[in-house]
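> What follows is the file entry-v3.csv, containing CSV, C-alpha atoms and all ligand atoms:
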chain,number,residue,atom,x,y,z
T,928,GLN,CA,88.8,90.4,99.1
T,929,SER,CA,85.4,88.8,99.5
T,930,GLN,CA,84.5,85.7,97.5
T,931,ALA,CA,81.5,87.4,96.0
T,932,LEU,CA,83.7,90.0,94.4
T,933,SER,CA,86.4,87.7,93.3
T,934,VAL,CA,84.1,85.8,90.9
T,935,TYR,CA,84.2,88.9,88.7
T,936,ALA,CA,88.0,88.9,88.4
T,937,ASN,CA,88.1,86.3,85.6
T,938,GLN,CA,85.1,87.5,83.7
T,939,PRO,CA,85.1,90.2,80.9
T,940,ALA,CA,84.1,93.6,82.1
T,941,VAL,CA,80.8,94.3,80.3
T,942,THR,CA,78.2,96.9,81.2
T,943,ARG,CA,74.5,96.2,81.5
T,944,ASP,CA,74.0,97.5,78.0
T,945,GLY,CA,76.7,95.3,76.6
T,946,HIS,CA,79.8,97.6,76.3
T,947,GLN,CA,83.0,95.8,77.1
T,948,ILE,CA,86.1,97.6,78.4
T,949,GLU,CA,89.6,96.3,78.8
T,950,VAL,CA,91.0,95.8,82.3
T,951,VAL,CA,94.7,95.2,82.6
T,952,ALA,CA,97.3,95.3,85.3
T,953,ASN,CA,100.2,97.6,86.4
T,954,ILE,CA,103.3,95.7,87.4
T,955,GLY,CA,106.7,96.7,88.6
T,956,THR,CA,108.6,93.4,88.5
T,957,THR,CA,108.8,90.3,86.3
T,958,LEU,CA,107.6,88.3,89.3
T,959,GLU,CA,104.3,90.1,89.4
T,960,SER,CA,103.7,89.1,85.8
T,961,ARG,CA,103.4,85.4,86.8
T,962,SER,CA,100.1,85.9,88.6
T,963,SER,CA,98.6,88.7,86.5
T,964,LEU,CA,96.3,86.5,84.3
T,965,ALA,CA,95.1,84.5,87.3
T,966,GLU,CA,94.2,87.7,89.0
T,967,GLY,CA,91.9,88.7,86.2
T,968,ALA,CA,94.2,91.0,84.1
T,969,GLU,CA,93.6,90.9,80.4
T,970,GLY,CA,97.1,92.1,79.8
T,971,ILE,CA,99.6,94.6,81.3
T,972,GLY,CA,98.8,98.2,80.8
T,973,LEU,CA,101.9,99.5,82.6
T,974,PHE,CA,105.1,97.6,83.1
T,975,ARG,CA,107.3,100.0,85.2
T,976,THR,CA,110.8,99.0,84.2
T,977,GLU,CA,112.5,101.1,86.9
T,978,PHE,CA,113.1,98.0,89.2
T,979,LEU,CA,115.6,96.6,86.6
T,980,PHE,CA,117.7,99.7,87.0
T,981,MET,CA,117.1,100.3,90.7
T,982,ASN,CA,118.0,96.8,91.9
T,983,ALA,CA,121.3,97.0,90.2
T,984,THR,CA,124.8,98.4,90.9
T,985,SER,CA,125.3,99.4,87.2
T,986,MET,CA,123.2,99.9,84.1
T,987,PRO,CA,121.5,96.7,83.2
T,988,THR,CA,122.8,95.3,79.9
T,989,GLU,CA,120.7,94.8,76.8
T,990,GLU,CA,120.9,91.0,77.5
T,991,GLU,CA,119.6,91.4,81.1
T,992,GLN,CA,116.7,93.7,80.0
T,993,PHE,CA,115.9,91.3,77.1
T,994,ALA,CA,115.6,88.4,79.6
T,995,ALA,CA,113.2,90.4,81.8
T,996,TYR,CA,110.9,91.7,78.9
T,997,ARG,CA,110.9,88.2,77.3
T,998,GLU,CA,109.8,86.6,80.6
T,999,VAL,CA,106.9,89.1,81.0
T,1000,ALA,CA,105.9,88.6,77.3
T,1001,GLU,CA,105.9,84.9,77.8
T,1002,ASN,CA,104.0,84.9,81.1
T,1003,LEU,CA,101.2,87.0,79.5
T,1004,GLN,CA,100.7,84.3,76.8
T,1005,GLY,CA,99.9,86.6,73.9
T,1006,HIS,CA,98.0,89.2,75.8
T,1007,PRO,CA,99.2,92.7,75.4
T,1008,VAL,CA,102.0,94.1,77.5
T,1009,VAL,CA,102.7,97.8,77.5
T,1010,ILE,CA,106.3,98.4,78.5
T,1011,ARG,CA,107.1,101.9,79.8
T,1012,THR,CA,110.6,103.1,79.1
T,1013,LEU,CA,112.8,104.2,82.0
T,1014,ASP,CA,111.2,106.7,84.3
T,1015,ILE,CA,114.0,107.5,86.7
T,1016,GLY,CA,114.9,110.8,88.4
T,1017,GLY,CA,112.3,112.7,90.3
T,1018,ASP,CA,112.1,110.8,93.6
T,1019,LYS,CA,113.8,107.7,92.2
T,1020,GLU,CA,117.6,107.8,92.2
T,1021,LEU,CA,120.2,105.6,90.6
T,1022,PRO,CA,123.4,105.6,92.6
T,1023,TYR,CA,125.5,104.6,89.6
T,1024,LEU,CA,124.2,107.5,87.5
T,1025,GLU,CA,125.4,110.2,89.9
T,1026,LEU,CA,122.5,112.5,89.1
T,1027,PRO,CA,122.9,116.0,90.5
T,1028,LYS,CA,120.8,117.0,93.5
T,1029,GLU,CA,118.0,119.2,92.3
T,1030,LEU,CA,115.8,121.8,94.0
T,1031,ASN,CA,112.6,120.6,92.2
T,1032,PRO,CA,113.3,117.0,91.2
T,1033,PHE,CA,109.8,116.4,89.9
T,1034,LEU,CA,110.2,119.3,87.5
T,1035,GLY,CA,113.7,118.4,86.6
T,1036,TYR,CA,116.0,115.8,85.0
T,1037,ARG,CA,113.6,112.9,84.9
T,1038,ALA,CA,112.3,110.1,82.7
T,1039,ILE,CA,112.3,110.9,79.0
T,1040,ARG,CA,114.3,114.0,79.6
T,1041,LEU,CA,117.2,112.0,81.0
T,1042,CYS,CA,116.8,109.3,78.3
T,1043,LEU,CA,116.9,111.8,75.4
T,1044,ASP,CA,120.0,113.4,77.0
T,1045,ARG,CA,121.6,110.0,77.3
T,1046,PRO,CA,120.2,108.3,74.2
T,1047,GLU,CA,122.4,105.2,74.6
T,1048,ILE,CA,120.3,104.3,77.7
T,1049,LEU,CA,117.1,104.5,75.8
T,1050,LEU,CA,118.5,102.8,72.6
T,1051,THR,CA,119.7,99.8,74.7
T,1052,GLN,CA,116.2,99.5,76.3
T,1053,LEU,CA,114.4,99.8,73.0
T,1054,ARG,CA,116.7,97.1,71.4
T,1055,ALA,CA,115.9,94.8,74.3
T,1056,ILE,CA,112.1,95.4,73.9
T,1057,LEU,CA,112.3,94.8,70.2
T,1058,ARG,CA,114.2,91.6,70.6
T,1059,ALA,CA,111.7,90.4,73.2
T,1060,SER,CA,108.7,91.3,70.9
T,1061,VAL,CA,108.8,88.0,69.1
T,1062,HIS,CA,107.9,86.2,72.4
T,1063,GLY,CA,104.5,87.9,73.0
T,1064,GLN,CA,102.5,91.0,72.2
T,1065,LEU,CA,104.6,94.0,73.3
T,1066,LYS,CA,103.8,97.7,73.1
T,1067,VAL,CA,106.0,100.5,74.2
T,1068,MET,CA,105.2,103.9,75.7
T,1069,PHE,CA,107.3,106.9,76.7
T,1070,PRO,CA,106.8,108.6,80.1
T,1071,MET,CA,106.7,112.3,80.8
T,1072,ILE,CA,106.3,113.6,77.3
T,1073,SER,CA,105.8,117.4,77.5
T,1074,ASN,CA,106.1,118.4,73.8
T,1075,LEU,CA,106.1,117.1,70.3
T,1076,GLN,CA,109.8,117.3,69.8
T,1077,GLU,CA,110.4,114.9,72.7
T,1078,TRP,CA,107.9,112.5,71.2
T,1079,ARG,CA,109.6,112.7,67.8
T,1080,GLN,CA,113.1,112.2,69.2
T,1081,ALA,CA,111.9,109.1,71.1
T,1082,LYS,CA,110.2,107.8,68.0
T,1083,ALA,CA,113.4,108.4,66.0
T,1084,LEU,CA,115.4,106.3,68.5
T,1085,TRP,CA,112.7,103.6,68.2
T,1086,LEU,CA,113.2,103.6,64.4
T,1087,GLN,CA,117.0,103.6,64.9
T,1088,ALA,CA,116.9,100.6,67.2
T,1089,GLN,CA,114.9,98.8,64.5
T,1090,GLU,CA,117.4,99.7,61.8
T,1091,GLN,CA,120.2,98.5,63.9
T,1092,LEU,CA,118.6,95.1,64.5
T,1093,ARG,CA,117.6,94.7,60.9
T,1094,ALA,CA,121.2,95.3,59.9
T,1095,GLU,CA,122.3,92.7,62.4
T,1096,GLY,CA,119.8,90.2,61.1
T,1097,VAL,CA,117.9,90.1,64.5
T,1098,ALA,CA,114.2,89.4,64.4
T,1099,PHE,CA,111.5,91.5,65.9
T,1100,ALA,CA,107.7,91.7,65.6
T,1101,ASP,CA,106.0,93.9,63.0
T,1102,GLY,CA,103.6,96.7,63.8
T,1103,ILE,CA,104.4,97.1,67.5
T,1104,GLU,CA,102.2,99.9,68.9
T,1105,VAL,CA,104.1,102.9,70.2
T,1106,GLY,CA,102.3,105.3,72.5
T,1107,MET,CA,102.9,107.9,75.2
T,1108,MET,CA,101.8,108.6,78.7
T,1109,VAL,CA,99.8,111.7,79.2
T,1110,GLU,CA,100.8,112.9,82.6
T,1111,ILE,CA,101.8,116.5,82.0
T,1112,PRO,CA,99.1,119.1,81.3
T,1113,SER,CA,101.0,120.5,78.2
T,1114,ALA,CA,100.7,117.1,76.6
T,1115,ALA,CA,97.0,116.8,77.4
T,1116,LEU,CA,96.3,120.3,76.0
T,1117,LEU,CA,98.1,119.3,72.8
T,1118,ALA,CA,96.5,115.9,72.6
T,1119,ASP,CA,94.9,116.6,69.2
T,1120,GLN,CA,98.3,117.1,67.7
T,1121,PHE,CA,99.9,114.1,69.5
T,1122,ALA,CA,97.0,111.9,68.4
T,1123,LYS,CA,98.0,112.2,64.8
T,1124,GLU,CA,101.4,110.7,65.6
T,1125,VAL,CA,100.9,108.1,68.4
T,1126,ASP,CA,99.3,104.7,68.4
T,1127,PHE,CA,97.7,105.2,71.8
T,1128,PHE,CA,97.6,107.3,74.9
T,1129,SER,CA,97.8,106.2,78.5
T,1130,ILE,CA,96.7,108.8,81.0
T,1131,GLY,CA,98.9,108.9,84.2
T,1132,THR,CA,96.8,110.6,86.7
T,1133,ASN,CA,99.3,110.3,89.5
T,1134,ASP,CA,101.5,112.8,87.8
T,1135,LEU,CA,98.8,114.6,85.8
T,1136,VAL,CA,97.1,115.7,89.1
T,1137,GLN,CA,100.4,116.7,90.6
T,1138,TYR,CA,101.3,119.0,87.7
T,1139,THR,CA,97.8,120.3,87.0
T,1140,VAL,CA,97.0,121.5,90.6
T,1141,ALA,CA,100.7,122.1,91.6
T,1142,VAL,CA,100.6,119.7,94.5
T,1143,ASP,CA,103.5,117.4,95.3
T,1144,ARG,CA,102.1,113.9,95.2
T,1145,MET,CA,104.3,112.9,98.2
T,1146,ASN,CA,103.6,115.9,100.5
T,1147,GLU,CA,101.2,115.1,103.3
T,1148,LYS,CA,100.8,118.7,104.2
T,1149,VAL,CA,99.0,119.4,100.9
T,1150,ALA,CA,97.5,116.0,100.4
T,1151,ASP,CA,93.9,117.4,100.7
T,1152,LEU,CA,94.5,119.5,97.5
T,1153,TYR,CA,95.6,116.4,95.5
T,1154,ASP,CA,92.4,115.2,93.9
T,1155,TYR,CA,91.8,113.5,90.6
T,1156,PHE,CA,88.2,114.7,90.8
T,1157,HIS,CA,89.4,118.3,90.4
T,1158,PRO,CA,87.2,119.7,87.5
T,1159,ALA,CA,90.4,120.8,85.7
T,1160,VAL,CA,91.7,117.3,85.7
T,1161,LEU,CA,88.5,116.0,84.4
T,1162,ARG,CA,88.5,118.4,81.5
T,1163,LEU,CA,92.1,117.3,80.6
T,1164,ILE,CA,91.0,113.6,80.7
T,1165,GLN,CA,88.1,114.4,78.5
T,1166,MET,CA,90.3,116.2,76.0
T,1167,VAL,CA,92.7,113.4,75.7
T,1168,ILE,CA,90.1,110.7,75.2
T,1169,GLU,CA,88.3,112.7,72.6
T,1170,ALA,CA,91.4,113.7,70.8
T,1171,GLY,CA,92.5,110.1,70.7
T,1172,HIS,CA,89.2,108.9,69.4
T,1173,ARG,CA,89.0,111.5,66.7
T,1174,GLU,CA,92.1,110.0,65.2
T,1175,GLY,CA,91.0,106.4,65.9
T,1176,LYS,CA,93.5,105.9,68.7
T,1177,TRP,CA,92.6,104.0,71.9
T,1178,THR,CA,93.1,105.7,75.2
T,1179,GLY,CA,93.9,104.0,78.5
T,1180,MET,CA,94.6,105.2,82.0
T,1181,CYS,CA,97.3,103.7,84.3
T,1182,GLY,CA,97.2,106.2,87.2
T,1183,GLY,CA,95.5,105.5,90.5
T,1184,MET,CA,92.2,106.9,89.3
T,1185,ALA,CA,91.6,103.8,87.1
T,1186,GLY,CA,91.5,101.6,90.2
T,1187,ASP,CA,88.9,103.6,92.0
T,1188,PRO,CA,85.4,102.2,91.5
T,1189,GLN,CA,83.9,105.6,92.4
T,1190,ALA,CA,85.6,107.0,89.2
T,1191,THR,CA,84.4,104.1,87.0
T,1192,PRO,CA,81.0,105.6,85.9
T,1193,LEU,CA,82.7,108.9,85.0
T,1194,LEU,CA,85.6,107.3,83.0
T,1195,LEU,CA,83.1,105.0,81.3
T,1196,GLY,CA,81.0,108.0,80.4
T,1197,LEU,CA,84.0,109.8,79.0
T,1198,GLY,CA,84.8,106.9,76.7
T,1199,LEU,CA,88.0,105.5,78.3
T,1200,ASP,CA,89.0,102.2,76.5
T,1201,GLU,CA,91.5,100.6,78.8
T,1202,TRP,CA,91.8,100.6,82.6
T,1203,SER,CA,95.2,99.6,84.1
T,1204,MET,CA,95.6,99.2,87.8
T,1205,ASP,CA,97.2,97.2,90.6
T,1206,ALA,CA,96.0,93.6,90.3
T,1207,GLY,CA,94.3,93.8,93.6
T,1208,SER,CA,91.7,96.3,92.2
T,1209,ILE,CA,90.7,94.3,89.2
T,1210,ALA,CA,87.8,92.3,90.7
T,1211,LYS,CA,86.2,95.4,92.2
T,1212,ILE,CA,86.5,97.4,89.0
T,1213,LYS,CA,85.0,94.6,86.9
T,1214,HIS,CA,82.2,94.3,89.5
T,1215,ALA,CA,81.5,98.0,89.2
T,1216,VAL,CA,81.4,97.8,85.4
T,1217,HIS,CA,78.8,95.0,85.6
T,1218,GLY,CA,76.4,97.3,87.5
T,1219,LEU,CA,76.7,100.2,85.1
T,1220,HIS,CA,74.8,101.3,82.0
T,1221,ARG,CA,77.1,103.0,79.5
T,1222,ALA,CA,74.5,105.3,78.0
T,1223,ASP,CA,73.5,106.6,81.5
T,1224,CYS,CA,77.2,107.1,82.3
T,1225,VAL,CA,77.7,109.3,79.2
T,1226,ALA,CA,74.9,111.6,80.4
T,1227,LEU,CA,76.3,111.5,84.0
T,1228,ALA,CA,79.8,112.5,82.7
T,1229,GLN,CA,78.5,115.4,80.8
T,1230,ARG,CA,76.7,116.6,84.0
T,1231,LEU,CA,79.8,116.2,86.1
T,1232,LEU,CA,81.8,118.2,83.7
T,1233,THR,CA,79.6,121.2,84.4
T,1234,LEU,CA,80.3,121.1,88.2
T,1235,GLY,CA,82.8,123.5,89.7
T,1236,THR,CA,84.4,121.6,92.6
T,1237,ALA,CA,85.7,118.2,93.4
T,1238,PRO,CA,83.4,117.6,96.4
T,1239,GLU,CA,80.3,118.3,94.3
T,1240,ILE,CA,81.6,115.8,91.7
T,1241,ARG,CA,82.2,113.2,94.3
T,1242,THR,CA,78.8,113.7,96.0
T,1243,GLU,CA,77.1,113.4,92.6
T,1244,LEU,CA,79.0,110.2,91.9
T,1245,GLN,CA,78.1,108.7,95.3
T,1246,THR,CA,74.5,109.5,94.8
T,1247,TYR,CA,74.6,107.9,91.3
T,1248,LEU,CA,76.2,104.7,92.6
T,1249,GLN,CA,73.8,104.4,95.5
T,1250,GLN,CA,70.6,104.6,93.4
T,1251,PRO,CA,68.6,101.4,93.2
T,1252,GLU,CA,68.9,99.5,89.9
F,1,LIG,C1,101.3,108.2,86.7
F,1,LIG,O1,102.0,109.2,86.8
F,1,LIG,O2,100.0,108.2,86.9
F,1,LIG,C2,101.8,106.8,86.5
F,1,LIG,C3,101.1,105.8,86.3
F,1,LIG,O3,103.2,106.7,86.6
F,1,LIG,P1,104.0,106.7,87.9
F,1,LIG,O4,103.1,106.5,89.1
F,1,LIG,O5,105.0,105.6,87.8
F,1,LIG,O6,104.7,108.0,87.9
F,2,MG,MG,104.0,109.1,86.2
Before we go any further, please render this structure as structure tokens.
Ligand code: PEP
Ligand code: MG

Amino acid sequence: QSQALSVYANQPAVTRDGHQIEVVANIGTTLESRSSLAEGAEGIGLFRTEFLFMNATSMPTEEEQFAAYREVAENLQGHPVVIRTLDIGGDKELPYLELPKELNPFLGYRAIRLCLDRPEILLTQLRAILRASVHGQLKVMFPMISNLQEWRQAKALWLQAQEQLRAEGVAFADGIEVGMMVEIPSAALLADQFAKEVDFFSIGTNDLVQYTVAVDRMNEKVADLYDYFHPAVLRLIQMVIEAGHREGKWTGMCGGMAGDPQATPLLLGLGLDEWSMDAGSIAKIKHAVHGLHRADCVALAQRLLTLGTAPEIRTELQTYLQQPE
């Protein structure tokens, strides 16, 4: 990374007309949380907790999970940390769970589906998160929500974990935000209804694209079809942000699109509040934000939403980004 770019890493991301956005990091281990603040992250927008489960020979205990969540909370020194509950299954296996082989693992027994089927797994994780919440600013989000019943069941387990701890006299923070990932088209289409019940949304474009255009995110043969600038994906993103805002809920993005500076004017124009990405992308996204004018981006986004193909949208964005200031 060039020095010129890295000066932006530790500055707030403010547009030329004074609009500030939040730039946070995706992490997949406790180790990564040690350098997040120095790398310019204003918090953690996605803590993938799978590593705790994958680097183990049996289910991690509540104690082990508590230690990990506490470490991340402490390393972030009061900045927000969004912990995503277990997203196993799909391509990620756990030897000790003996999951059956599936024909379509990405459409199968995965993430919140598995956790609601084995609620003791989720309850243990939620208890650990709650216990760690007194050591920093934690938020929790559920992956792969496809309908309101799943959301309500997950939320009920969250309340159950709180009741248990209260009965045991164990402390936890008040008012912890609980949100969901929007990474399945059915959830995006119902965002207005979800928005009444969640505290926030985080759009997971990696899966949202895969499920919207029916393209396996790992399959090289069809990689050309996998594109977050597909107009249908843009419409879903717009729906989610607007539905969230109508209910006064913030909306973030933690999929790969958030770390692409070419997408920044579009996402800014659509009103995205929080960008979560690999730490290595933070400086370049903050730099991109500094060069943009929010009001212009709003008009640009409206224009892009009328275009019919991803290449047209990309070309228009490139032209916009190349124009002299
Ligand atoms: C996503 O789907 O965009 C996402 C951030 O989650 P993951 O990549 O872990 O599936
Ligand atoms: Mg995902």
> Please tabulate, as CSV, the residues of region 962-1036 of chain T that come within 12 Å of region 1108-1120 of chain T, each with its closest pair of atoms and the distance in Å to one decimal, counting all atoms listed in the file and ordering rows by chain, then residue number upward.

residue,atom,partner,partner_atom,distance
T:Gly972,CA,T:Met1108,CA,11.0
T:Leu973,CA,T:Met1108,CA,9.9
T:Val1009,CA,T:Met1108,CA,10.9
T:Ile1010,CA,T:Met1108,CA,11.2
T:Arg1011,CA,T:Met1108,CA,8.6
T:Thr1012,CA,T:Met1108,CA,10.4
T:Asp1014,CA,T:Met1108,CA,11.1
T:Phe1033,CA,T:Ile1111,CA,11.2
T:Leu1034,CA,T:Ile1111,CA,10.4
> What is the distance between CA of Ile1130 (chain T) and atom O2 of ligand LIG 1 (chain F), in Å to one decimal?
6.8 Å
> Give the residues close to ligand MG 2 (chain F), within 8 Å, counting all atoms listed in the file; write them as a list in words.
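The residues within 8 Å of ligand MG 2 (chain F), counting all atoms listed in the file, are Asp1014, Pro1070, Met1071, Met1108, Glu1110, Gly1131, Thr1132, Asn1133, Asp1134, Leu1135 and Gly1182 of chain T.
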> Provide an axis-aligned box for all listed atoms of ligand LIG 1 (chain F), padding each side by 8 Å; report its centre and its edge lengths in Å to one decimal, as AutoDock Vina command-line options.

--center_x 102.5 --center_y 107.4 --center_z 87.7 --size_x 21.0 --size_y 19.6 --size_z 18.8
> Figure out the distance between CA of Leu1161 (chain T) and CA of Leu1219 (chain T), please, to one decimal in Å.
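Rounded to one decimal, the two atoms are 19.7 Å apart.
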> If we count only C-alpha atoms and set the cut-off at 6 Å, which residues sit around region 1225-1239 of chain T, ignoring sequence neighbours fewer than 4 positions away in its own chain? Please answer as JSON, numbers by chain.
{"T": [1156, 1157, 1193, 1196]}
> Kindly indicate which residue among T:Asn1146, T:Gln1091, T:Ser933, T:Thr942 lies nearest to Leu1195 (chain T), using only C-alpha atoms for the distances.
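Looking only at the distances to Leu1195 (chain T), the closest residue turns out to be T:Thr942.
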> Which neighbours of region 944-955 of chain T fall inside 6 Å, counting only C-alpha atoms, when residues of the same chain fewer than 6 positions from it are skipped, and could you give them as number ranges by chain?
T: 968-975, 1200-1206, 1220
> Have a look at CA of Pro1027 (chain T) and atom O2 of ligand LIG 1 (chain F) and let me know their distance in Å, one decimal.
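Computed distance, CA of Pro1027 (chain T) to atom O2 of ligand LIG 1 (chain F), equals 24.5 Å.
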> Given the choices T:Gln1080, T:Ser985, T:Ala994, T:Leu1003, which gets closest to Ala965 (chain T) if the distance is worked out from all atoms listed in the file?
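Among T:Gln1080, T:Ser985, T:Ala994, T:Leu1003, it is T:Leu1003 that comes nearest to Ala965 (chain T).
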> Closest to ligand LIG 1 (chain F) among T:Phe1069, T:Trp1177, T:Phe993, T:Tyr1247, using all atoms listed in the file?
T:Phe1069
> Just checking: using only C-alpha atoms, which residue out of T:Arg1079, T:Lys1019, T:His1062, T:Lys1148 ends up closest to His1006 (chain T)?
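Nearest candidate to His1006 (chain T) out of T:Arg1079, T:Lys1019, T:His1062, T:Lys1148: T:His1062.
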> Tell me which protein, DNA and RNA residues are within 10 Å of Lys1176 (chain T), counting only C-alpha atoms, leaving out same-chain ones fewer than 5 positions away, and put them as a list in words.
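Here the answer would be Gly1106, Ala1122, Lys1123, Glu1124, Val1125, Asp1126, Phe1127, Phe1128, Ile1168, Glu1169, Ala1170, Gly1171 and Asp1200 of chain T.
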> Considering only C-alpha atoms, can you say which of T:Leu1248, T:Gln1189, T:Thr957, T:Ala1081 comes closest to Gly1218 (chain T)?
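Checking each of T:Leu1248, T:Gln1189, T:Thr957, T:Ala1081 against Gly1218 (chain T), counting only C-alpha atoms, the winner is T:Leu1248.
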> Would you pick out the contacts of Ala1083 (chain T) at 12 Å or less, using all atoms listed in the file, so that residues sharing its chain but fewer than 3 positions from it are not included, and give the list as a list in words?
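So the residues in contact are Leu1043, Pro1046, Leu1049, Leu1050, Leu1053, Gln1076, Glu1077, Trp1078, Arg1079, Gln1080, Leu1086, Gln1087, Ala1088, Gln1089, Glu1090 and Val1105 of chain T.
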> Excluding Lys1213 (chain T) and residues on its chain fewer than 6 positions from it, collect all residues at most 10 Å away from it, counting all atoms listed in the file, and give them as a list in words.
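Here the answer would be Leu932, Ser933, Val934, Tyr935, Ala936, Asn937, Gln938, Pro939, Ala940, Val941, Thr942, Ile948, Glu949, Val950, Gly967, Pro1188 and Thr1191 of chain T.
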